[in-house]
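Asker: Below is the file data.pdb, with PDB, C-alpha atoms and all ligand atoms.
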```
ATOM      1  CA  MET A   1       0.000   0.000   0.000
ATOM      2  CA  THR A   2       1.300   3.472  -0.830
ATOM      3  CA  ASP A   3       1.254   5.543   2.333
ATOM      4  CA  SER A   4      -0.261   9.032   2.203
ATOM      5  CA  VAL A   5       2.127  10.004   5.025
ATOM      6  CA  PRO A   6       5.765  10.537   4.041
ATOM      7  CA  LYS A   7       8.547   9.426   6.385
ATOM      8  CA  GLU A   8      10.180  12.836   6.013
ATOM      9  CA  ALA A   9       8.888  16.373   5.614
ATOM     10  CA  THR A  10      10.816  19.367   4.294
ATOM     11  CA  LEU A  11      11.338  22.430   6.476
ATOM     12  CA  THR A  12      11.493  25.996   5.176
ATOM     13  CA  SER A  13      15.257  25.798   5.829
ATOM     14  CA  GLY A  14      15.409  23.177   3.058
ATOM     15  CA  TYR A  15      16.412  20.395   5.472
ATOM     16  CA  LYS A  16      14.344  17.232   5.857
ATOM     17  CA  ILE A  17      12.813  16.188   9.161
ATOM     18  CA  PRO A  18      11.750  12.603   9.961
ATOM     19  CA  THR A  19       8.005  12.665  10.665
ATOM     20  CA  VAL A  20       8.188  10.734  13.966
ATOM     21  CA  GLY A  21      10.701  11.553  16.706
ATOM     22  CA  LEU A  22      11.527   9.995  20.089
ATOM     23  CA  GLY A  23      10.746  12.340  22.999
ATOM     24  CA  VAL A  24      13.159  12.113  25.928
ATOM     25  CA  TYR A  25      11.575  14.380  28.553
ATOM     26  CA  GLN A  26      11.714  12.762  32.023
ATOM     27  CA  ASN A  27      13.308   9.697  30.498
ATOM     28  CA  THR A  28      15.293   8.116  33.313
ATOM     29  CA  HIS A  29      16.959   5.683  30.905
ATOM     30  CA  CYS A  30      17.567   8.183  28.148
ATOM     31  CA  ALA A  31      20.702   6.675  26.586
ATOM     32  CA  GLN A  32      19.196   3.171  26.458
ATOM     33  CA  ALA A  33      15.941   4.529  25.022
ATOM     34  CA  VAL A  34      17.828   6.382  22.283
ATOM     35  CA  THR A  35      19.853   3.270  21.412
ATOM     36  CA  ALA A  36      16.661   1.176  21.296
ATOM     37  CA  ALA A  37      14.888   3.746  19.143
ATOM     38  CA  LEU A  38      17.729   3.894  16.606
ATOM     39  CA  LYS A  39      17.757   0.086  16.498
ATOM     40  CA  HIS A  40      14.053   0.131  15.601
ATOM     41  CA  GLY A  41      14.314   2.684  12.841
ATOM     42  CA  TYR A  42      13.867   6.079  14.497
ATOM     43  CA  THR A  43      16.219   8.748  13.155
ATOM     44  CA  HIS A  44      14.915  11.717  15.169
ATOM     45  CA  VAL A  45      15.333  12.573  18.879
ATOM     46  CA  ASP A  46      13.784  15.519  20.739
ATOM     47  CA  SER A  47      15.757  16.757  23.754
ATOM     48  CA  ALA A  48      16.088  20.109  25.575
ATOM     49  CA  ARG A  49      18.583  21.882  27.815
ATOM     50  CA  LEU A  50      15.984  21.711  30.579
ATOM     51  CA  TYR A  51      15.859  17.906  30.354
ATOM     52  CA  HIS A  52      19.575  17.692  31.318
ATOM     53  CA  ASN A  53      20.091  14.719  29.019
ATOM     54  CA  GLU A  54      21.798  16.081  25.892
ATOM     55  CA  THR A  55      24.938  14.098  26.781
ATOM     56  CA  GLN A  56      22.853  10.959  27.317
ATOM     57  CA  VAL A  57      21.427  11.394  23.826
ATOM     58  CA  GLY A  58      25.016  11.369  22.520
ATOM     59  CA  VAL A  59      25.857   8.285  24.629
ATOM     60  CA  GLY A  60      22.807   6.486  23.199
ATOM     61  CA  ILE A  61      23.741   7.384  19.617
ATOM     62  CA  LYS A  62      27.318   6.222  20.136
ATOM     63  CA  ALA A  63      26.175   2.885  21.612
ATOM     64  CA  SER A  64      23.860   2.317  18.627
ATOM     65  CA  GLY A  65      26.722   2.537  16.134
ATOM     66  CA  VAL A  66      24.537   4.732  13.899
ATOM     67  CA  ASP A  67      26.329   7.603  12.165
ATOM     68  CA  ARG A  68      25.246  10.864  13.807
ATOM     69  CA  SER A  69      25.178  12.603  10.413
ATOM     70  CA  THR A  70      22.214  10.404   9.389
ATOM     71  CA  LEU A  71      20.155  11.560  12.379
ATOM     72  CA  PHE A  72      17.975  14.546  13.207
ATOM     73  CA  ILE A  73      18.667  15.823  16.735
ATOM     74  CA  THR A  74      16.787  18.663  18.424
ATOM     75  CA  SER A  75      17.412  20.628  21.589
ATOM     76  CA  LYS A  76      15.832  23.747  23.085
ATOM     77  CA  ALA A  77      16.976  26.859  24.898
ATOM     78  CA  GLY A  78      15.031  27.853  28.005
ATOM     79  CA  SER A  79      13.984  31.461  28.540
ATOM     80  CA  ASN A  80      16.879  31.884  31.011
ATOM     81  CA  ASP A  81      19.154  31.398  27.971
ATOM     82  CA  PHE A  82      17.549  34.135  25.864
ATOM     83  CA  ASP A  83      20.094  36.824  26.818
ATOM     84  CA  ASP A  84      22.774  34.777  25.054
ATOM     85  CA  THR A  85      21.160  32.000  23.045
ATOM     86  CA  GLU A  86      24.279  31.488  20.956
ATOM     87  CA  SER A  87      26.318  30.518  24.049
ATOM     88  CA  ALA A  88      23.534  28.178  25.133
ATOM     89  CA  VAL A  89      23.604  26.491  21.718
ATOM     90  CA  LEU A  90      27.389  26.114  21.935
ATOM     91  CA  ASP A  91      27.082  24.549  25.396
ATOM     92  CA  SER A  92      24.401  22.135  24.128
ATOM     93  CA  ILE A  93      26.614  21.130  21.203
ATOM     94  CA  GLN A  94      29.427  20.425  23.658
ATOM     95  CA  ASN A  95      27.059  18.333  25.800
ATOM     96  CA  LEU A  96      26.080  16.209  22.801
ATOM     97  CA  LYS A  97      29.689  15.933  21.634
ATOM     98  CA  TYR A  98      30.756  14.757  25.082
ATOM     99  CA  GLY A  99      28.279  11.882  24.837
ATOM    100  CA  LEU A 100      29.355  11.039  21.301
ATOM    101  CA  GLU A 101      33.134  11.406  21.666
ATOM    102  CA  GLY A 102      34.009  11.816  25.361
ATOM    103  CA  THR A 103      35.364  15.304  24.690
ATOM    104  CA  ARG A 104      33.783  18.739  24.608
ATOM    105  CA  GLU A 105      36.217  20.700  22.482
ATOM    106  CA  PRO A 106      37.393  21.748  20.020
ATOM    107  CA  LEU A 107      34.193  21.949  18.031
ATOM    108  CA  GLY A 108      34.377  21.078  14.344
ATOM    109  CA  SER A 109      32.056  21.356  11.378
ATOM    110  CA  SER A 110      30.440  18.018  12.275
ATOM    111  CA  ASP A 111      29.266  19.402  15.624
ATOM    112  CA  TYR A 112      25.794  20.852  15.212
ATOM    113  CA  TYR A 113      22.117  20.430  16.021
ATOM    114  CA  ASP A 114      19.625  19.762  13.284
ATOM    115  CA  LEU A 115      17.003  21.849  15.040
ATOM    116  CA  PHE A 116      17.123  24.235  17.974
ATOM    117  CA  LEU A 117      14.006  25.764  19.519
ATOM    118  CA  LEU A 118      13.216  28.540  21.961
ATOM    119  CA  HIS A 119      11.482  26.359  24.553
ATOM    120  CA  SER A 120       8.764  28.748  25.690
ATOM    121  CA  PRO A 121       7.601  32.358  25.332
ATOM    122  CA  HIS A 122       8.295  33.266  28.971
ATOM    123  CA  GLY A 123       9.926  36.624  29.656
ATOM    124  CA  GLY A 124       8.058  39.140  27.491
ATOM    125  CA  LYS A 125       8.435  40.458  23.957
ATOM    126  CA  GLU A 126      11.896  42.049  24.201
ATOM    127  CA  LYS A 127      13.433  38.972  25.763
ATOM    128  CA  ARG A 128      11.785  36.675  23.223
ATOM    129  CA  LEU A 129      13.096  38.728  20.306
ATOM    130  CA  LYS A 130      16.574  38.846  21.813
ATOM    131  CA  GLY A 131      16.480  35.074  22.202
ATOM    132  CA  TRP A 132      15.325  34.665  18.606
ATOM    133  CA  ARG A 133      18.043  36.955  17.226
ATOM    134  CA  GLY A 134      20.652  34.924  19.101
ATOM    135  CA  LEU A 135      19.276  31.709  17.639
ATOM    136  CA  LEU A 136      19.351  33.153  14.120
ATOM    137  CA  GLU A 137      22.991  34.092  14.688
ATOM    138  CA  ALA A 138      23.740  30.498  15.758
ATOM    139  CA  LYS A 139      22.116  29.333  12.525
ATOM    140  CA  ARG A 140      24.120  31.821  10.470
ATOM    141  CA  LYS A 141      27.308  30.397  11.995
ATOM    142  CA  GLY A 142      26.299  26.823  11.099
ATOM    143  CA  LEU A 143      25.826  25.690  14.713
ATOM    144  CA  VAL A 144      22.225  24.732  13.986
ATOM    145  CA  ARG A 145      20.626  23.844  10.665
ATOM    146  CA  SER A 146      17.053  24.866  11.381
ATOM    147  CA  VAL A 147      15.516  27.031  14.074
ATOM    148  CA  GLY A 148      12.097  27.181  15.638
ATOM    149  CA  VAL A 149       9.997  27.866  18.695
ATOM    150  CA  SER A 150       7.922  25.903  21.174
ATOM    151  CA  ASN A 151       4.738  26.770  23.046
ATOM    152  CA  TYR A 152       4.388  29.908  20.917
ATOM    153  CA  GLY A 153       0.922  31.234  20.188
ATOM    154  CA  PRO A 154       0.228  33.175  16.988
ATOM    155  CA  LYS A 155       0.866  36.493  18.740
ATOM    156  CA  HIS A 156       4.394  35.462  19.735
ATOM    157  CA  ILE A 157       5.245  34.486  16.157
ATOM    158  CA  GLU A 158       3.651  37.697  14.884
ATOM    159  CA  GLU A 159       6.244  39.614  16.965
ATOM    160  CA  ILE A 160       8.988  37.920  14.961
ATOM    161  CA  ARG A 161       7.261  38.684  11.680
ATOM    162  CA  GLU A 162       6.642  42.317  12.630
ATOM    163  CA  ALA A 163      10.328  42.694  13.553
ATOM    164  CA  GLY A 164      11.178  41.656   9.986
ATOM    165  CA  LEU A 165      13.065  38.558  11.134
ATOM    166  CA  GLU A 166      13.155  35.104   9.575
ATOM    167  CA  LEU A 167      10.158  33.058  10.744
ATOM    168  CA  PRO A 168      10.576  29.806  12.681
ATOM    169  CA  ALA A 169      10.669  26.599  10.647
ATOM    170  CA  VAL A 170       8.882  24.747  13.465
ATOM    171  CA  ASN A 171       6.494  25.379  16.344
ATOM    172  CA  GLN A 172       6.351  22.556  18.907
ATOM    173  CA  VAL A 173       3.175  22.529  21.011
ATOM    174  CA  GLU A 174       1.074  20.124  23.051
ATOM    175  CA  LEU A 175      -1.174  18.514  20.459
ATOM    176  CA  HIS A 176      -3.418  15.418  20.421
ATOM    177  CA  PRO A 177      -7.105  14.708  19.752
ATOM    178  CA  LEU A 178      -8.249  16.277  23.050
ATOM    179  CA  ASP A 179      -6.307  19.524  22.505
ATOM    180  CA  GLN A 180      -5.990  20.218  18.795
ATOM    181  CA  GLN A 181      -4.601  23.767  19.069
ATOM    182  CA  LYS A 182      -6.654  24.895  16.077
ATOM    183  CA  PRO A 183      -5.727  28.625  16.068
ATOM    184  CA  ILE A 184      -2.016  27.778  16.259
ATOM    185  CA  VAL A 185      -2.212  25.044  13.645
ATOM    186  CA  GLU A 186      -4.112  27.321  11.259
ATOM    187  CA  TYR A 187      -1.597  30.135  11.755
ATOM    188  CA  CYS A 188       1.386  27.810  11.246
ATOM    189  CA  LYS A 189      -0.077  26.258   8.097
ATOM    190  CA  LYS A 190      -0.622  29.733   6.653
ATOM    191  CA  HIS A 191       3.018  30.642   7.289
ATOM    192  CA  ASN A 192       4.510  27.286   6.257
ATOM    193  CA  ILE A 193       5.659  26.521   9.815
ATOM    194  CA  LEU A 194       5.785  22.794  10.583
ATOM    195  CA  VAL A 195       3.905  21.827  13.752
ATOM    196  CA  GLN A 196       5.485  19.271  16.086
ATOM    197  CA  ALA A 197       3.115  17.510  18.475
ATOM    198  CA  TYR A 198       4.353  17.078  22.029
ATOM    199  CA  THR A 199       2.627  14.863  24.593
ATOM    200  CA  PRO A 200       1.057  13.099  21.574
ATOM    201  CA  LEU A 201       0.106  10.082  23.751
ATOM    202  CA  LEU A 202      -1.616  12.258  26.401
ATOM    203  CA  ARG A 203       0.961  10.752  28.782
ATOM    204  CA  PHE A 204      -1.249   7.700  28.506
ATOM    205  CA  ASN A 205      -4.005   9.289  30.566
ATOM    206  CA  PHE A 206      -7.180   8.816  28.533
ATOM    207  CA  SER A 207      -9.612   9.896  31.267
ATOM    208  CA  GLY A 208     -10.723  12.849  29.111
ATOM    209  CA  ASP A 209     -11.879  10.441  26.379
ATOM    210  CA  LYS A 210     -15.012   9.454  28.311
ATOM    211  CA  ASN A 211     -16.440   7.177  25.626
ATOM    212  CA  GLY A 212     -13.199   5.341  24.954
ATOM    213  CA  VAL A 213     -13.012   6.451  21.316
ATOM    214  CA  ILE A 214      -9.221   6.146  21.099
ATOM    215  CA  GLN A 215      -9.226   2.540  22.324
ATOM    216  CA  SER A 216     -12.225   1.622  20.170
ATOM    217  CA  VAL A 217     -10.458   2.889  17.019
ATOM    218  CA  ALA A 218      -7.380   0.909  18.083
ATOM    219  CA  ASP A 219      -9.463  -2.253  18.592
ATOM    220  CA  LYS A 220     -11.160  -1.821  15.228
ATOM    221  CA  LEU A 221      -7.852  -1.376  13.385
ATOM    222  CA  GLN A 222      -6.062  -4.015  15.513
ATOM    223  CA  VAL A 223      -3.318  -1.631  16.543
ATOM    224  CA  THR A 224      -2.481  -0.040  19.925
ATOM    225  CA  ALA A 225      -3.948   3.180  21.311
ATOM    226  CA  ALA A 226      -0.462   4.716  21.096
ATOM    227  CA  GLN A 227      -0.243   3.853  17.399
ATOM    228  CA  VAL A 228      -3.662   5.435  16.790
ATOM    229  CA  LEU A 229      -2.503   8.660  18.456
ATOM    230  CA  VAL A 230       0.782   8.820  16.546
ATOM    231  CA  ARG A 231      -0.922   8.025  13.249
ATOM    232  CA  TRP A 232      -3.695  10.574  13.914
ATOM    233  CA  SER A 233      -0.958  13.192  14.270
ATOM    234  CA  LEU A 234       0.767  12.117  11.061
ATOM    235  CA  GLN A 235      -2.470  12.190   9.066
ATOM    236  CA  HIS A 236      -2.842  15.833  10.120
ATOM    237  CA  ASP A 237       0.704  16.580   8.857
ATOM    238  CA  PHE A 238       2.060  17.061  12.389
ATOM    239  CA  VAL A 239       5.359  15.581  13.564
ATOM    240  CA  PRO A 240       4.604  13.630  16.774
ATOM    241  CA  LEU A 241       7.257  13.023  19.458
ATOM    242  CA  PRO A 242       6.123  10.005  21.529
ATOM    243  CA  LYS A 243       8.191   9.224  24.622
ATOM    244  CA  SER A 244       8.805   5.827  26.149
ATOM    245  CA  GLU A 245      11.571   4.184  28.134
ATOM    246  CA  HIS A 246      10.526   0.653  27.194
ATOM    247  CA  GLU A 247      12.040  -0.928  24.104
ATOM    248  CA  GLU A 248       8.928  -2.828  23.042
ATOM    249  CA  ARG A 249       6.757   0.315  23.340
ATOM    250  CA  ILE A 250       9.371   2.408  21.540
ATOM    251  CA  LYS A 251       9.360  -0.114  18.702
ATOM    252  CA  VAL A 252       5.573  -0.469  18.356
ATOM    253  CA  ASN A 253       4.826   3.264  18.849
ATOM    254  CA  ALA A 254       6.647   3.968  15.575
ATOM    255  CA  GLN A 255       5.040   1.182  13.528
ATOM    256  CA  VAL A 256       2.701   3.736  12.059
ATOM    257  CA  TYR A 257       3.433   3.645   8.339
ATOM    258  CA  GLY A 258       1.808   1.504   5.646
ATOM    259  CA  TRP A 259      -1.679   1.555   7.193
ATOM    260  CA  GLU A 260      -4.130   4.346   7.879
ATOM    261  CA  ILE A 261      -6.976   5.523  10.035
ATOM    262  CA  PRO A 262     -10.054   5.661   7.776
ATOM    263  CA  ALA A 263     -11.798   9.017   7.339
ATOM    264  CA  GLU A 264     -14.779   8.039   9.513
ATOM    265  CA  ASP A 265     -12.484   7.155  12.429
ATOM    266  CA  MET A 266     -10.391  10.304  11.927
ATOM    267  CA  ALA A 267     -13.688  12.203  12.259
ATOM    268  CA  ARG A 268     -14.476  10.421  15.564
ATOM    269  CA  LEU A 269     -11.024  11.311  16.909
ATOM    270  CA  ASP A 270     -11.275  14.880  15.609
ATOM    271  CA  ALA A 271     -14.576  15.252  17.489
ATOM    272  CA  LEU A 272     -12.746  14.745  20.830
ATOM    273  CA  ASP A 273     -11.260  18.261  20.766
ATOM    274  CA  LYS A 274     -11.783  20.240  24.002
ATOM    275  CA  GLY A 275      -9.338  23.020  23.185
ATOM    276  CA  ASP A 276      -7.337  24.284  26.174
ATOM    277  CA  GLU A 277      -9.467  22.180  28.543
ATOM    278  CA  GLY A 278      -8.102  19.050  26.920
ATOM    279  CA  ALA A 279      -4.481  19.967  27.722
ATOM    280  CA  VAL A 280      -2.468  17.494  29.785
ATOM    281  CA  THR A 281       0.372  19.915  30.573
ATOM    282  CA  TRP A 282       0.269  23.555  31.478
ATOM    283  CA  ASN A 283       1.146  25.158  28.211
ATOM    284  CA  PRO A 284       2.240  28.772  28.039
ATOM    285  CA  ILE A 285       0.834  29.660  24.619
ATOM    286  CA  HIS A 286      -1.292  32.494  26.016
ATOM    287  CA  LEU A 287       1.525  34.295  27.885
ATOM    288  CA  ASP A 288       2.009  38.020  27.300
TER     289      ASP A 288
HETATM  290  N1  LIG B   1       8.343  21.664  24.158
HETATM  291  C1  LIG B   1       7.789  21.359  25.321
HETATM  292  O1  LIG B   1       7.486  22.241  26.153
HETATM  293  C2  LIG B   1       7.485  19.925  25.633
HETATM  294  C3  LIG B   1       6.664  19.595  26.720
HETATM  295  C4  LIG B   1       6.393  18.244  26.951
HETATM  296  C5  LIG B   1       6.927  17.276  26.112
HETATM  297  N2  LIG B   1       7.754  17.626  25.076
HETATM  298  C6  LIG B   1       8.373  16.602  24.184
HETATM  299  O2  LIG B   1       7.392  15.670  23.758
HETATM  300  C7  LIG B   1       7.781  14.364  24.183
HETATM  301  C8  LIG B   1       6.568  13.501  24.484
HETATM  302  O3  LIG B   1       5.722  14.079  25.447
HETATM  303  P1  LIG B   1       5.545  13.497  26.922
HETATM  304  O4  LIG B   1       6.788  12.823  27.305
HETATM  305  O5  LIG B   1       5.049  14.619  27.742
HETATM  306  O6  LIG B   1       4.340  12.466  26.817
HETATM  307  P2  LIG B   1       3.774  11.329  25.851
HETATM  308  O7  LIG B   1       4.758  10.958  24.809
HETATM  309  O8  LIG B   1       2.406  11.738  25.450
HETATM  310  O9  LIG B   1       3.575  10.127  26.877
HETATM  311  C9  LIG B   1       4.640   9.520  27.526
HETATM  312  C10 LIG B   1       4.052   8.553  28.555
HETATM  313  O10 LIG B   1       3.329   7.501  27.893
HETATM  314  C11 LIG B   1       3.861   6.239  28.293
HETATM  315  N3  LIG B   1       3.844   5.375  27.129
HETATM  316  C12 LIG B   1       4.520   5.538  25.972
HETATM  317  N4  LIG B   1       4.225   4.559  25.085
HETATM  318  C13 LIG B   1       3.350   3.750  25.725
HETATM  319  C14 LIG B   1       2.681   2.562  25.326
HETATM  320  N5  LIG B   1       2.848   2.031  24.118
HETATM  321  N6  LIG B   1       1.834   1.970  26.235
HETATM  322  C15 LIG B   1       1.659   2.504  27.469
HETATM  323  N7  LIG B   1       2.256   3.644  27.890
HETATM  324  C16 LIG B   1       3.100   4.267  27.023
HETATM  325  C17 LIG B   1       5.263   6.525  28.780
HETATM  326  O11 LIG B   1       5.656   5.574  29.739
HETATM  327  P3  LIG B   1       7.057   4.750  29.611
HETATM  328  O12 LIG B   1       8.131   5.743  29.334
HETATM  329  O13 LIG B   1       7.159   4.095  30.947
HETATM  330  O14 LIG B   1       6.840   3.777  28.490
HETATM  331  C18 LIG B   1       5.105   7.900  29.408
HETATM  332  O15 LIG B   1       4.584   7.771  30.729
HETATM  333  C19 LIG B   1       8.649  14.644  25.408
HETATM  334  O16 LIG B   1       9.412  13.518  25.791
HETATM  335  C20 LIG B   1       9.448  15.821  24.910
HETATM  336  O17 LIG B   1      10.456  15.397  24.021
HETATM  337  C21 LIG B   1       8.025  18.931  24.818
END
```
If you convert what's in this file into structure tokens, what do you get?
Ligand SMILES: NC(=O)c1ccc[n+]([C@@H]2O[C@H](COP(=O)([O-])OP(=O)(O)OC[C@H]3O[C@@H](n4cnc5c(N)ncnc54)[C@H](OP(=O)(O)O)[C@@H]3O)[C@@H](O)[C@H]2O)c1

Answerer:
Amino acid sequence: MTDSVPKEATLTSGYKIPTVGLGVYQNTHCAQAVTAALKHGYTHVDSARLYHNETQVGVGIKASGVDRSTLFITSKAGSNDFDDTESAVLDSIQNLKYGLEGTREPLGSSDYYDLFLLHSPHGGKEKRLKGWRGLLEAKRKGLVRSVGVSNYGPKHIEEIREAGLELPAVNQVELHPLDQQKPIVEYCKKHNILVQAYTPLLRFNFSGDKNGVIQSVADKLQVTAAQVLVRWSLQHDFVPLPKSEHEERIKVNAQVYGWEIPAEDMARLDALDKGDEGAVTWNPIHLD
């Protein structure tokens, strides 16, 4: 069967991004999870400075034997980094390099991130724009290939546009059937910004799906609830970032190509949207 969902999408930077990534937030066995994911075909890992596991991502890549240059690795700068985002990016590159090579310096042309995001819009307009300018400078110097934001509402991205700066290639937000972030998704589509879906599995708390729609679609299609959620995201052109520490779950969560959720079941899942009330995390998209 030809799949309507490609395994890679193209960012406005021109670089390709694999359409499923392994999330590593609160992953207490991060290196092992990364190694397992690469063994089972993932080529994309989503980390952050705040997760304190950039080095563990490098350790996991090294143990897998997979060439780093074939992978797509993301990290994020917290708002406390926005006064000097470029230095934060350099530190993150050193963290990853330490995991990969056991040394932090000197940095060479093979030391880079595929994607770096501003993690959240905390701190107000001036700070956000300063953080964004620093990230653009890191991109100009080749430290990162693509740049983006996370937890940004349309108004935060409008600030960037109004300042005449390059727009983000990506916006990473909480996104699943119960919180479909429609205003953000619409804005991003209009501006060719790829939307990454975090907490795509609702942290496996389905209490908001009172009628058990997610599980009933899974039962009908003879797949798991996690696969339904990842595939739902893909069929909406999002890039989901499921997290697990268990090899078998990691493997099955990404077996989401070559089959599809029929239109009538997509409609049942789409009907679960509760907007902000469906959020699992506290997401800062409405911050001033
Ligand atoms: N930008 C941001 O502000 C932000 C915020 C939150 C998350 N994120 C990113 O998005 C990633 C994913 O989000 P998330 O970690 O919040 O939540 P998630 O991926 O929705 O859910 C992870 C939870 O689901 C469990 N799980 C995974 N697969 C399972 C399966 N097949 N069966 C049963 N349980 C399963 C995991 O347990 P086990 O690990 O025990 O399997 C874990 O407790 C993060 O890791 C991070 O990379 C970004």

Asker: Near stretch 80-84 of chain A, within 8 Å and counting all atoms listed in the file, which residues show up once chain neighbours fewer than 2 positions away are dropped, as number ranges by chain?

Answerer: A: 77-78, 86-88, 127-128, 130-132, 134

Asker: Starting from the displayed file, determine the output of the PyMOL selection byres (((chain A and resi 233) around 10) and not hetatm) and express the residue list as number ranges by chain.

Answerer: A: 19-20, 175-177, 180, 195-197, 200, 227-232, 234-241

Asker: What separation in Å, quoted to one decimal, exists between atom CA of A:Leu129 and atom CA of A:Asn151?

Answerer: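 Taking atom CA of A:Leu129 and atom CA of A:Asn151, their separation equals 14.8 Å.
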
Asker: Could you list the protein, DNA and RNA residues that have any atom within 7 Å of ligand LIG 1 (chain B), counting all atoms listed in the file, and write them as a PDB file with C-alpha atoms, in the frame of the given file?

Answerer:
```
ATOM      1  CA  LEU A  22      11.527   9.995  20.089  1.00  0.00           C
ATOM      2  CA  GLY A  23      10.746  12.340  22.999  1.00  0.00           C
ATOM      3  CA  VAL A  24      13.159  12.113  25.928  1.00  0.00           C
ATOM      4  CA  TYR A  25      11.575  14.380  28.553  1.00  0.00           C
ATOM      5  CA  GLN A  26      11.714  12.762  32.023  1.00  0.00           C
ATOM      6  CA  ASN A  27      13.308   9.697  30.498  1.00  0.00           C
ATOM      7  CA  ASP A  46      13.784  15.519  20.739  1.00  0.00           C
ATOM      8  CA  SER A  47      15.757  16.757  23.754  1.00  0.00           C
ATOM      9  CA  HIS A 119      11.482  26.359  24.553  1.00  0.00           C
ATOM     10  CA  SER A 120       8.764  28.748  25.690  1.00  0.00           C
ATOM     11  CA  SER A 150       7.922  25.903  21.174  1.00  0.00           C
ATOM     12  CA  ASN A 151       4.738  26.770  23.046  1.00  0.00           C
ATOM     13  CA  GLN A 172       6.351  22.556  18.907  1.00  0.00           C
ATOM     14  CA  VAL A 173       3.175  22.529  21.011  1.00  0.00           C
ATOM     15  CA  GLU A 174       1.074  20.124  23.051  1.00  0.00           C
ATOM     16  CA  TYR A 198       4.353  17.078  22.029  1.00  0.00           C
ATOM     17  CA  THR A 199       2.627  14.863  24.593  1.00  0.00           C
ATOM     18  CA  PRO A 200       1.057  13.099  21.574  1.00  0.00           C
ATOM     19  CA  LEU A 201       0.106  10.082  23.751  1.00  0.00           C
ATOM     20  CA  LEU A 202      -1.616  12.258  26.401  1.00  0.00           C
ATOM     21  CA  ARG A 203       0.961  10.752  28.782  1.00  0.00           C
ATOM     22  CA  PHE A 204      -1.249   7.700  28.506  1.00  0.00           C
ATOM     23  CA  ALA A 226      -0.462   4.716  21.096  1.00  0.00           C
ATOM     24  CA  LEU A 241       7.257  13.023  19.458  1.00  0.00           C
ATOM     25  CA  PRO A 242       6.123  10.005  21.529  1.00  0.00           C
ATOM     26  CA  LYS A 243       8.191   9.224  24.622  1.00  0.00           C
ATOM     27  CA  SER A 244       8.805   5.827  26.149  1.00  0.00           C
ATOM     28  CA  GLU A 245      11.571   4.184  28.134  1.00  0.00           C
ATOM     29  CA  HIS A 246      10.526   0.653  27.194  1.00  0.00           C
ATOM     30  CA  ARG A 249       6.757   0.315  23.340  1.00  0.00           C
ATOM     31  CA  ILE A 250       9.371   2.408  21.540  1.00  0.00           C
ATOM     32  CA  VAL A 252       5.573  -0.469  18.356  1.00  0.00           C
ATOM     33  CA  ASN A 253       4.826   3.264  18.849  1.00  0.00           C
TER      34      ASN A 253
END
```

Asker: So which residues get picked by the PyMOL selection byres (((chain A and resi 148) around 6) and not hetatm) here, written as a PyMOL selection string?

Answerer: chain A and resi 117+147+149+168-171

Asker: Take the residues from that selection and write them out as an mmCIF file, in the frame of the given file, keeping C-alpha atoms.

Answerer:
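Full text of again_14.cif as output:
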```
data_model
loop_
_atom_site.group_PDB
_atom_site.id
_atom_site.type_symbol
_atom_site.label_atom_id
_atom_site.label_comp_id
_atom_site.auth_asym_id
_atom_site.auth_seq_id
_atom_site.Cartn_x
_atom_site.Cartn_y
_atom_site.Cartn_z
ATOM 1 C CA LEU A 117 14.006 25.764 19.519
ATOM 2 C CA VAL A 147 15.516 27.031 14.074
ATOM 3 C CA VAL A 149 9.997 27.866 18.695
ATOM 4 C CA PRO A 168 10.576 29.806 12.681
ATOM 5 C CA ALA A 169 10.669 26.599 10.647
ATOM 6 C CA VAL A 170 8.882 24.747 13.465
ATOM 7 C CA ASN A 171 6.494 25.379 16.344
#
```

Asker: Expressed in Å to a single decimal, how great is the separation between atom CA of A:Asp179 and atom CA of A:Phe116?

Answerer: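 Atom-to-atom, atom CA of A:Asp179 to atom CA of A:Phe116, that is 24.3 Å.
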
Asker: Show me, as JSON, numbers by chain, the residues that have an atom within 8 Å of stretch 153-155 of chain A when counting all atoms listed in the file, minus same-chain residues fewer than 5 positions from it.

Answerer: {"A": [183, 184, 187, 188, 285, 286]}

Asker: Quick one: residues within 8 Å of A:Asn95, all atoms listed in the file, excluding same-chain residues fewer than 2 positions away - as a count of residues only?

Answerer: 10

Asker: For the atom pair atom CA of A:Thr12 and atom CA of A:Val185, what is the interatomic distance in Å to one decimal place?

Answerer: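 So the answer is 16.1 Å.
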
Asker: Pick out the residues sitting within 12 Å of A:Ser207, and hand them over as a ChimeraX atom specification; count only C-alpha atoms, and ignore anything fewer than 3 positions along from it in its own chain.

Answerer: /A:178,202-204,210-215,272,278-280

Asker: Measuring atom to atom with all atoms listed in the file, identify which of A:Tyr15, A:Ile157, A:Lys251, A:Thr85 is nearest to A:Leu38.

Answerer: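 The closest residue to A:Leu38 is A:Lys251.
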
Asker: Have a look at A:Ala267, A:Gly208, A:Val45, A:Val66 and name the one nearest to A:Ala33; count only C-alpha atoms.

Answerer: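 Looking only at the distances to A:Ala33, the closest residue turns out to be A:Val45.
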
Asker: A:Ser69: which residues within 12 Å, counting only C-alpha atoms, same-chain residues fewer than 6 positions away excluded, as a list of chain:residue names?

Answerer: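 Within the cut-off, the hits are A:Thr43, A:His44, A:Ile61, A:Lys62, A:Leu100, A:Ser109, A:Ser110, A:Asp111, A:Tyr112, A:Tyr113, A:Asp114.
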
Asker: When distances are computed from all atoms listed in the file, which of A:Ile261, A:Val144, A:Leu71, A:Leu269 shows the smallest separation from A:Glu8?

Answerer: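 Of A:Ile261, A:Val144, A:Leu71, A:Leu269, the one nearest A:Glu8 is A:Leu71, counting all atoms listed in the file.
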